[in-house]
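A.B. asks: Dropping in structure.tsv, which is TSV, N, CA and C atoms:
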chain	number	residue	atom	x	y	z
S	22	MET	N	3.89	-40.59	-49.39
S	22	MET	CA	2.64	-41.12	-48.90
S	22	MET	C	2.83	-41.52	-47.44
S	23	PRO	N	2.02	-40.98	-46.52
S	23	PRO	CA	2.16	-41.34	-45.11
S	23	PRO	C	1.73	-42.78	-44.87
S	24	MET	N	2.46	-43.43	-44.00
S	24	MET	CA	2.15	-44.82	-43.68
S	24	MET	C	1.48	-44.88	-42.31
S	25	ALA	N	0.54	-45.75	-42.19
S	25	ALA	CA	-0.13	-45.94	-40.91
S	25	ALA	C	0.78	-46.74	-39.99
S	26	SER	N	0.77	-46.38	-38.72
S	26	SER	CA	1.57	-47.14	-37.77
S	26	SER	C	0.92	-48.50	-37.54
S	27	PRO	N	1.73	-49.52	-37.29
S	27	PRO	CA	1.17	-50.85	-37.08
S	27	PRO	C	0.32	-50.89	-35.81
S	28	ARG	N	-0.72	-51.66	-35.85
S	28	ARG	CA	-1.59	-51.80	-34.69
S	28	ARG	C	-0.96	-52.75	-33.70
S	29	ARG	N	-1.12	-52.44	-32.45
S	29	ARG	CA	-0.59	-53.29	-31.39
S	29	ARG	C	-1.46	-54.53	-31.28
S	30	ASN	N	-0.83	-55.66	-31.30
S	30	ASN	CA	-1.54	-56.92	-31.20
S	30	ASN	C	-1.42	-57.42	-29.77
S	31	ASP	N	-2.54	-57.61	-29.11
S	31	ASP	CA	-2.53	-58.04	-27.71
S	31	ASP	C	-1.92	-59.42	-27.53
S	32	ARG	N	-1.96	-60.26	-28.57
S	32	ARG	CA	-1.40	-61.60	-28.43
S	32	ARG	C	0.12	-61.60	-28.43
S	33	THR	N	0.75	-60.53	-28.91
S	33	THR	CA	2.21	-60.51	-28.95
S	33	THR	C	2.81	-59.91	-27.68
S	34	ARG	N	2.01	-59.38	-26.80
S	34	ARG	CA	2.54	-58.85	-25.55
S	34	ARG	C	3.07	-59.99	-24.69
S	35	GLN	N	4.10	-59.68	-23.93
S	35	GLN	CA	4.67	-60.71	-23.08
S	35	GLN	C	3.85	-60.84	-21.80
S	36	SER	N	3.67	-62.05	-21.39
S	36	SER	CA	2.99	-62.28	-20.12
S	36	SER	C	3.99	-62.07	-18.99
S	37	PRO	N	3.54	-61.86	-17.75
S	37	PRO	CA	4.47	-61.66	-16.64
S	37	PRO	C	5.47	-62.80	-16.47
S	38	ALA	N	5.10	-64.02	-16.83
S	38	ALA	CA	6.01	-65.14	-16.70
S	38	ALA	C	7.19	-65.02	-17.67
S	39	ASN	N	6.97	-64.38	-18.82
S	39	ASN	CA	8.03	-64.25	-19.82
S	39	ASN	C	8.93	-63.04	-19.55
S	40	GLN	N	8.61	-62.23	-18.55
S	40	GLN	CA	9.39	-61.03	-18.29
S	40	GLN	C	10.61	-61.31	-17.41
S	41	THR	N	10.76	-62.50	-16.90
S	41	THR	CA	11.91	-62.86	-16.08
S	41	THR	C	12.86	-63.72	-16.90
S	42	MET	N	14.12	-63.31	-16.91
S	42	MET	CA	15.15	-64.08	-17.59
S	42	MET	C	16.21	-64.43	-16.55
S	43	SER	N	16.69	-65.65	-16.58
S	43	SER	CA	17.67	-66.09	-15.61
S	43	SER	C	18.82	-66.79	-16.34
S	44	TYR	N	20.05	-66.42	-15.98
S	44	TYR	CA	21.24	-67.01	-16.57
S	44	TYR	C	22.15	-67.50	-15.45
S	45	ARG	N	22.96	-68.51	-15.73
S	45	ARG	CA	24.00	-68.97	-14.80
S	45	ARG	C	25.34	-68.97	-15.50
S	46	ASN	N	26.39	-68.69	-14.74
S	46	ASN	CA	27.71	-68.74	-15.34
S	46	ASN	C	28.11	-70.19	-15.59
S	47	GLU	N	29.20	-70.39	-16.32
S	47	GLU	CA	29.62	-71.75	-16.71
S	47	GLU	C	29.93	-72.63	-15.52
S	48	ALA	N	30.46	-72.07	-14.45
S	48	ALA	CA	30.81	-72.85	-13.26
S	48	ALA	C	29.61	-73.09	-12.35
S	49	GLU	N	28.46	-72.56	-12.71
S	49	GLU	CA	27.23	-72.72	-11.91
S	49	GLU	C	27.40	-72.19	-10.49
S	50	THR	N	28.12	-71.09	-10.34
S	50	THR	CA	28.31	-70.50	-9.01
S	50	THR	C	27.54	-69.20	-8.82
S	51	TYR	N	27.16	-68.55	-9.92
S	51	TYR	CA	26.42	-67.28	-9.86
S	51	TYR	C	25.21	-67.34	-10.78
S	52	GLU	N	24.18	-66.59	-10.41
S	52	GLU	CA	23.00	-66.46	-11.24
S	52	GLU	C	22.77	-64.99	-11.53
S	53	VAL	N	22.50	-64.67	-12.79
S	53	VAL	CA	22.19	-63.31	-13.21
S	53	VAL	C	20.75	-63.32	-13.68
S	54	GLU	N	19.94	-62.45	-13.10
S	54	GLU	CA	18.51	-62.45	-13.38
S	54	GLU	C	18.06	-61.07	-13.82
S	55	VAL	N	17.21	-61.04	-14.85
S	55	VAL	CA	16.60	-59.81	-15.34
S	55	VAL	C	15.11	-59.92	-15.06
S	56	THR	N	14.58	-58.98	-14.27
S	56	THR	CA	13.16	-59.00	-13.92
S	56	THR	C	12.58	-57.60	-14.04
S	57	LYS	N	11.27	-57.55	-14.17
S	57	LYS	CA	10.55	-56.28	-14.19
S	57	LYS	C	10.19	-55.94	-12.75
S	58	ALA	N	10.62	-54.74	-12.29
S	58	ALA	CA	10.36	-54.33	-10.91
S	58	ALA	C	10.11	-52.82	-10.87
S	59	LEU	N	9.00	-52.41	-10.30
S	59	LEU	CA	8.70	-51.00	-10.11
S	59	LEU	C	8.82	-50.18	-11.40
S	60	ASN	N	8.23	-50.69	-12.46
S	60	ASN	CA	8.25	-50.05	-13.78
S	60	ASN	C	9.65	-49.86	-14.34
S	61	GLN	N	10.59	-50.65	-13.86
S	61	GLN	CA	11.94	-50.65	-14.39
S	61	GLN	C	12.39	-52.10	-14.54
S	62	TRP	N	13.53	-52.27	-15.18
S	62	TRP	CA	14.12	-53.59	-15.34
S	62	TRP	C	15.28	-53.72	-14.37
S	63	ALA	N	15.25	-54.75	-13.55
S	63	ALA	CA	16.30	-54.98	-12.56
S	63	ALA	C	17.21	-56.11	-13.02
S	64	VAL	N	18.51	-55.90	-12.84
S	64	VAL	CA	19.51	-56.94	-13.10
S	64	VAL	C	20.13	-57.28	-11.75
S	65	SER	N	20.00	-58.54	-11.34
S	65	SER	CA	20.50	-58.98	-10.04
S	65	SER	C	21.50	-60.10	-10.23
S	66	VAL	N	22.61	-60.01	-9.51
S	66	VAL	CA	23.62	-61.07	-9.52
S	66	VAL	C	23.64	-61.68	-8.13
S	67	THR	N	23.42	-62.99	-8.07
S	67	THR	CA	23.33	-63.71	-6.81
S	67	THR	C	24.33	-64.85	-6.78
S	68	ARG	N	25.03	-65.01	-5.66
S	68	ARG	CA	25.92	-66.16	-5.48
S	68	ARG	C	25.04	-67.33	-5.07
S	69	LEU	N	25.18	-68.47	-5.72
S	69	LEU	CA	24.27	-69.59	-5.51
S	69	LEU	C	24.53	-70.36	-4.22
S	70	ASP	N	25.76	-70.43	-3.74
S	70	ASP	CA	26.02	-71.26	-2.56
S	70	ASP	C	25.36	-70.71	-1.29
S	71	ASP	N	25.31	-69.38	-1.13
S	71	ASP	CA	24.68	-68.82	0.07
S	71	ASP	C	23.54	-67.85	-0.26
S	72	GLN	N	23.13	-67.78	-1.52
S	72	GLN	CA	22.04	-66.91	-1.98
S	72	GLN	C	22.27	-65.44	-1.63
S	73	LYS	N	23.53	-65.01	-1.58
S	73	LYS	CA	23.86	-63.63	-1.26
S	73	LYS	C	23.76	-62.78	-2.53
S	74	LEU	N	23.08	-61.64	-2.42
S	74	LEU	CA	22.95	-60.71	-3.53
S	74	LEU	C	24.26	-59.95	-3.68
S	75	ILE	N	24.92	-60.11	-4.82
S	75	ILE	CA	26.21	-59.47	-5.06
S	75	ILE	C	26.01	-58.04	-5.54
S	76	CYS	N	25.16	-57.85	-6.53
S	76	CYS	CA	24.86	-56.49	-7.00
S	76	CYS	C	23.50	-56.47	-7.68
S	77	GLN	N	22.96	-55.27	-7.78
S	77	GLN	CA	21.67	-55.08	-8.43
S	77	GLN	C	21.69	-53.72	-9.11
S	78	ASP	N	21.17	-53.67	-10.33
S	78	ASP	CA	21.16	-52.45	-11.11
S	78	ASP	C	19.81	-52.32	-11.79
S	79	PHE	N	19.35	-51.09	-12.00
S	79	PHE	CA	18.03	-50.85	-12.59
S	79	PHE	C	18.17	-50.05	-13.88
S	80	PHE	N	17.31	-50.39	-14.85
S	80	PHE	CA	17.32	-49.74	-16.16
S	80	PHE	C	15.89	-49.46	-16.59
S	81	SER	N	15.72	-48.41	-17.38
S	81	SER	CA	14.38	-48.06	-17.85
S	81	SER	C	13.98	-48.88	-19.08
S	82	ARG	N	14.96	-49.40	-19.81
S	82	ARG	CA	14.67	-50.19	-21.01
S	82	ARG	C	15.17	-51.62	-20.86
S	83	ARG	N	14.38	-52.55	-21.39
S	83	ARG	CA	14.69	-53.97	-21.24
S	83	ARG	C	16.01	-54.33	-21.93
S	84	TRP	N	16.23	-53.80	-23.12
S	84	TRP	CA	17.44	-54.17	-23.86
S	84	TRP	C	18.70	-53.74	-23.12
S	85	GLU	N	18.64	-52.63	-22.38
S	85	GLU	CA	19.79	-52.21	-21.59
S	85	GLU	C	20.07	-53.19	-20.45
S	86	ALA	N	18.99	-53.67	-19.82
S	86	ALA	CA	19.15	-54.64	-18.73
S	86	ALA	C	19.71	-55.96	-19.25
S	87	VAL	N	19.24	-56.42	-20.39
S	87	VAL	CA	19.73	-57.68	-20.96
S	87	VAL	C	21.20	-57.53	-21.35
S	88	ALA	N	21.56	-56.39	-21.90
S	88	ALA	CA	22.97	-56.16	-22.27
S	88	ALA	C	23.86	-56.16	-21.03
S	89	ARG	N	23.40	-55.54	-19.94
S	89	ARG	CA	24.20	-55.53	-18.71
S	89	ARG	C	24.31	-56.95	-18.13
S	90	ALA	N	23.24	-57.73	-18.20
S	90	ALA	CA	23.28	-59.11	-17.73
S	90	ALA	C	24.31	-59.92	-18.52
S	91	GLU	N	24.36	-59.71	-19.83
S	91	GLU	CA	25.34	-60.41	-20.65
S	91	GLU	C	26.76	-59.97	-20.30
S	92	ASP	N	26.94	-58.69	-19.98
S	92	ASP	CA	28.26	-58.20	-19.54
S	92	ASP	C	28.68	-58.88	-18.24
S	93	PHE	N	27.75	-58.99	-17.31
S	93	PHE	CA	28.06	-59.67	-16.04
S	93	PHE	C	28.44	-61.12	-16.29
S	94	LEU	N	27.73	-61.79	-17.18
S	94	LEU	CA	28.06	-63.19	-17.48
S	94	LEU	C	29.45	-63.33	-18.07
S	95	LYS	N	29.83	-62.41	-18.95
S	95	LYS	CA	31.17	-62.46	-19.52
S	95	LYS	C	32.22	-62.31	-18.43
S	96	LEU	N	31.99	-61.41	-17.49
S	96	LEU	CA	32.94	-61.24	-16.39
S	96	LEU	C	32.99	-62.47	-15.49
S	97	LEU	N	31.84	-63.05	-15.21
S	97	LEU	CA	31.79	-64.21	-14.32
S	97	LEU	C	32.37	-65.46	-14.97
S	98	ASN	N	32.38	-65.53	-16.29
S	98	ASN	CA	32.91	-66.70	-16.99
S	98	ASN	C	34.40	-66.62	-17.27
S	99	ARG	N	35.02	-65.51	-16.93
S	99	ARG	CA	36.47	-65.37	-17.17
S	99	ARG	C	37.25	-66.34	-16.29
S	100	LYS	N	38.30	-66.89	-16.85
S	100	LYS	CA	39.17	-67.80	-16.10
S	100	LYS	C	40.12	-67.03	-15.21
S	101	GLU	N	40.52	-65.85	-15.64
S	101	GLU	CA	41.41	-65.02	-14.83
S	101	GLU	C	40.65	-63.75	-14.43
S	102	PRO	N	40.93	-63.19	-13.29
S	102	PRO	CA	40.18	-62.00	-12.87
S	102	PRO	C	40.51	-60.81	-13.76
S	103	PRO	N	39.57	-59.90	-13.94
S	103	PRO	CA	39.84	-58.70	-14.73
S	103	PRO	C	40.92	-57.85	-14.05
S	104	PRO	N	41.60	-57.01	-14.81
S	104	PRO	CA	42.63	-56.15	-14.21
S	104	PRO	C	42.03	-55.29	-13.12
S	105	GLY	N	42.73	-55.18	-12.01
S	105	GLY	CA	42.28	-54.37	-10.90
S	105	GLY	C	41.48	-55.12	-9.84
S	106	TRP	N	41.19	-56.41	-10.07
S	106	TRP	CA	40.43	-57.17	-9.07
S	106	TRP	C	41.37	-57.83	-8.13
For this file, produce the structure as structure tokens.
C.D. replies:
Amino acid sequence: MPMASPRRNDRTRQSPANQTMSYRNEAETYEVEVTKALNQWAVSVTRLDDQKLICQDFFSRRWEAVARAEDFLKLLNRKEPPPGW
């Protein structure tokens, strides 16, 4: 028996204010932000003391951007630098 696809509910859509996610590392020295930009999701890493943009990456899907932001946080929270740094 074919099932009908669920109807999109306008109340469950995220507002523009909810599309920005911001994280800080444990030492409060870097900020990792996920924002919607140019129909893509941007992940930006900023140093807080001088507001310098360290890196920025773009993804077509939100979950990919959030996963990359979490990866950056894991690296920034390490007590010892990763091999090769």
A.B. asks: Could you state the separation of atom C of Thr41 (chain S) and atom C of Lys57 (chain S) in Å, given to one decimal place?
C.D. replies: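 Here the two named atoms are 9.2 Å from each other.
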A.B. asks: Take CA of Arg89 (chain S) and CA of Leu59 (chain S) and report the distance between them in Å, one decimal.
C.D. replies: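 Going from CA of Arg89 (chain S) over to CA of Leu59 (chain S), I get 18.3 Å.
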A.B. asks: Can you tell me which residues surround Tyr51 (chain S) at a distance of at most 8 Å, considering all atoms listed in the file, apart from same-chain residues fewer than 4 positions away, and format the answer as an mmCIF file with N, CA and C atoms, in the coordinates of the input?
C.D. replies:
data_model
loop_
_atom_site.group_PDB
_atom_site.id
_atom_site.type_symbol
_atom_site.label_atom_id
_atom_site.label_comp_id
_atom_site.auth_asym_id
_atom_site.auth_seq_id
_atom_site.Cartn_x
_atom_site.Cartn_y
_atom_site.Cartn_z
ATOM 1 N N TYR S 44 20.050 -66.420 -15.980
ATOM 2 C CA TYR S 44 21.240 -67.010 -16.570
ATOM 3 C C TYR S 44 22.150 -67.500 -15.450
ATOM 4 N N ARG S 45 22.960 -68.510 -15.730
ATOM 5 C CA ARG S 45 24.000 -68.970 -14.800
ATOM 6 C C ARG S 45 25.340 -68.970 -15.500
ATOM 7 N N ASN S 46 26.390 -68.690 -14.740
ATOM 8 C CA ASN S 46 27.710 -68.740 -15.340
ATOM 9 C C ASN S 46 28.110 -70.190 -15.590
ATOM 10 N N GLU S 47 29.200 -70.390 -16.320
ATOM 11 C CA GLU S 47 29.620 -71.750 -16.710
ATOM 12 C C GLU S 47 29.930 -72.630 -15.520
ATOM 13 N N VAL S 66 22.610 -60.010 -9.510
ATOM 14 C CA VAL S 66 23.620 -61.070 -9.520
ATOM 15 C C VAL S 66 23.640 -61.680 -8.130
ATOM 16 N N THR S 67 23.420 -62.990 -8.070
ATOM 17 C CA THR S 67 23.330 -63.710 -6.810
ATOM 18 C C THR S 67 24.330 -64.850 -6.780
ATOM 19 N N ARG S 68 25.030 -65.010 -5.660
ATOM 20 C CA ARG S 68 25.920 -66.160 -5.480
ATOM 21 C C ARG S 68 25.040 -67.330 -5.070
ATOM 22 N N LEU S 69 25.180 -68.470 -5.720
ATOM 23 C CA LEU S 69 24.270 -69.590 -5.510
ATOM 24 C C LEU S 69 24.530 -70.360 -4.220
ATOM 25 N N ASP S 70 25.760 -70.430 -3.740
ATOM 26 C CA ASP S 70 26.020 -71.260 -2.560
ATOM 27 C C ASP S 70 25.360 -70.710 -1.290
ATOM 28 N N LEU S 97 31.840 -63.050 -15.210
ATOM 29 C CA LEU S 97 31.790 -64.210 -14.320
ATOM 30 C C LEU S 97 32.370 -65.460 -14.970
#
A.B. asks: Which of region 34-105 of chain S counts as helix (DSSP H, G or I) under DSSP, as number ranges by chain please?
C.D. replies: S: 37-40, 83-97
A.B. asks: Write the residues of the preceding selection, restricted to N, CA and C atoms, as a PDB file, in the coordinates of the input.
C.D. replies:
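Generated file (selection-v4.pdb):
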ATOM      1  N   PRO S  37       3.540 -61.860 -17.750  1.00  0.00           N
ATOM      2  CA  PRO S  37       4.470 -61.660 -16.640  1.00  0.00           C
ATOM      3  C   PRO S  37       5.470 -62.800 -16.470  1.00  0.00           C
ATOM      4  N   ALA S  38       5.100 -64.020 -16.830  1.00  0.00           N
ATOM      5  CA  ALA S  38       6.010 -65.140 -16.700  1.00  0.00           C
ATOM      6  C   ALA S  38       7.190 -65.020 -17.670  1.00  0.00           C
ATOM      7  N   ASN S  39       6.970 -64.380 -18.820  1.00  0.00           N
ATOM      8  CA  ASN S  39       8.030 -64.250 -19.820  1.00  0.00           C
ATOM      9  C   ASN S  39       8.930 -63.040 -19.550  1.00  0.00           C
ATOM     10  N   GLN S  40       8.610 -62.230 -18.550  1.00  0.00           N
ATOM     11  CA  GLN S  40       9.390 -61.030 -18.290  1.00  0.00           C
ATOM     12  C   GLN S  40      10.610 -61.310 -17.410  1.00  0.00           C
ATOM     13  N   ARG S  83      14.380 -52.550 -21.390  1.00  0.00           N
ATOM     14  CA  ARG S  83      14.690 -53.970 -21.240  1.00  0.00           C
ATOM     15  C   ARG S  83      16.010 -54.330 -21.930  1.00  0.00           C
ATOM     16  N   TRP S  84      16.230 -53.800 -23.120  1.00  0.00           N
ATOM     17  CA  TRP S  84      17.440 -54.170 -23.860  1.00  0.00           C
ATOM     18  C   TRP S  84      18.700 -53.740 -23.120  1.00  0.00           C
ATOM     19  N   GLU S  85      18.640 -52.630 -22.380  1.00  0.00           N
ATOM     20  CA  GLU S  85      19.790 -52.210 -21.590  1.00  0.00           C
ATOM     21  C   GLU S  85      20.070 -53.190 -20.450  1.00  0.00           C
ATOM     22  N   ALA S  86      18.990 -53.670 -19.820  1.00  0.00           N
ATOM     23  CA  ALA S  86      19.150 -54.640 -18.730  1.00  0.00           C
ATOM     24  C   ALA S  86      19.710 -55.960 -19.250  1.00  0.00           C
ATOM     25  N   VAL S  87      19.240 -56.420 -20.390  1.00  0.00           N
ATOM     26  CA  VAL S  87      19.730 -57.680 -20.960  1.00  0.00           C
ATOM     27  C   VAL S  87      21.200 -57.530 -21.350  1.00  0.00           C
ATOM     28  N   ALA S  88      21.560 -56.390 -21.900  1.00  0.00           N
ATOM     29  CA  ALA S  88      22.970 -56.160 -22.270  1.00  0.00           C
ATOM     30  C   ALA S  88      23.860 -56.160 -21.030  1.00  0.00           C
ATOM     31  N   ARG S  89      23.400 -55.540 -19.940  1.00  0.00           N
ATOM     32  CA  ARG S  89      24.200 -55.530 -18.710  1.00  0.00           C
ATOM     33  C   ARG S  89      24.310 -56.950 -18.130  1.00  0.00           C
ATOM     34  N   ALA S  90      23.240 -57.730 -18.200  1.00  0.00           N
ATOM     35  CA  ALA S  90      23.280 -59.110 -17.730  1.00  0.00           C
ATOM     36  C   ALA S  90      24.310 -59.920 -18.520  1.00  0.00           C
ATOM     37  N   GLU S  91      24.360 -59.710 -19.830  1.00  0.00           N
ATOM     38  CA  GLU S  91      25.340 -60.410 -20.650  1.00  0.00           C
ATOM     39  C   GLU S  91      26.760 -59.970 -20.300  1.00  0.00           C
ATOM     40  N   ASP S  92      26.940 -58.690 -19.980  1.00  0.00           N
ATOM     41  CA  ASP S  92      28.260 -58.200 -19.540  1.00  0.00           C
ATOM     42  C   ASP S  92      28.680 -58.880 -18.240  1.00  0.00           C
ATOM     43  N   PHE S  93      27.750 -58.990 -17.310  1.00  0.00           N
ATOM     44  CA  PHE S  93      28.060 -59.670 -16.040  1.00  0.00           C
ATOM     45  C   PHE S  93      28.440 -61.120 -16.290  1.00  0.00           C
ATOM     46  N   LEU S  94      27.730 -61.790 -17.180  1.00  0.00           N
ATOM     47  CA  LEU S  94      28.060 -63.190 -17.480  1.00  0.00           C
ATOM     48  C   LEU S  94      29.450 -63.330 -18.070  1.00  0.00           C
ATOM     49  N   LYS S  95      29.830 -62.410 -18.950  1.00  0.00           N
ATOM     50  CA  LYS S  95      31.170 -62.460 -19.520  1.00  0.00           C
ATOM     51  C   LYS S  95      32.220 -62.310 -18.430  1.00  0.00           C
ATOM     52  N   LEU S  96      31.990 -61.410 -17.490  1.00  0.00           N
ATOM     53  CA  LEU S  96      32.940 -61.240 -16.390  1.00  0.00           C
ATOM     54  C   LEU S  96      32.990 -62.470 -15.490  1.00  0.00           C
ATOM     55  N   LEU S  97      31.840 -63.050 -15.210  1.00  0.00           N
ATOM     56  CA  LEU S  97      31.790 -64.210 -14.320  1.00  0.00           C
ATOM     57  C   LEU S  97      32.370 -65.460 -14.970  1.00  0.00           C
TER      58      LEU S  97
END
A.B. asks: One number please: atom C of Val55 (chain S) to CA of Met42 (chain S), in Å, one decimal.
C.D. replies: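 Here the two named atoms are 4.9 Å from each other.
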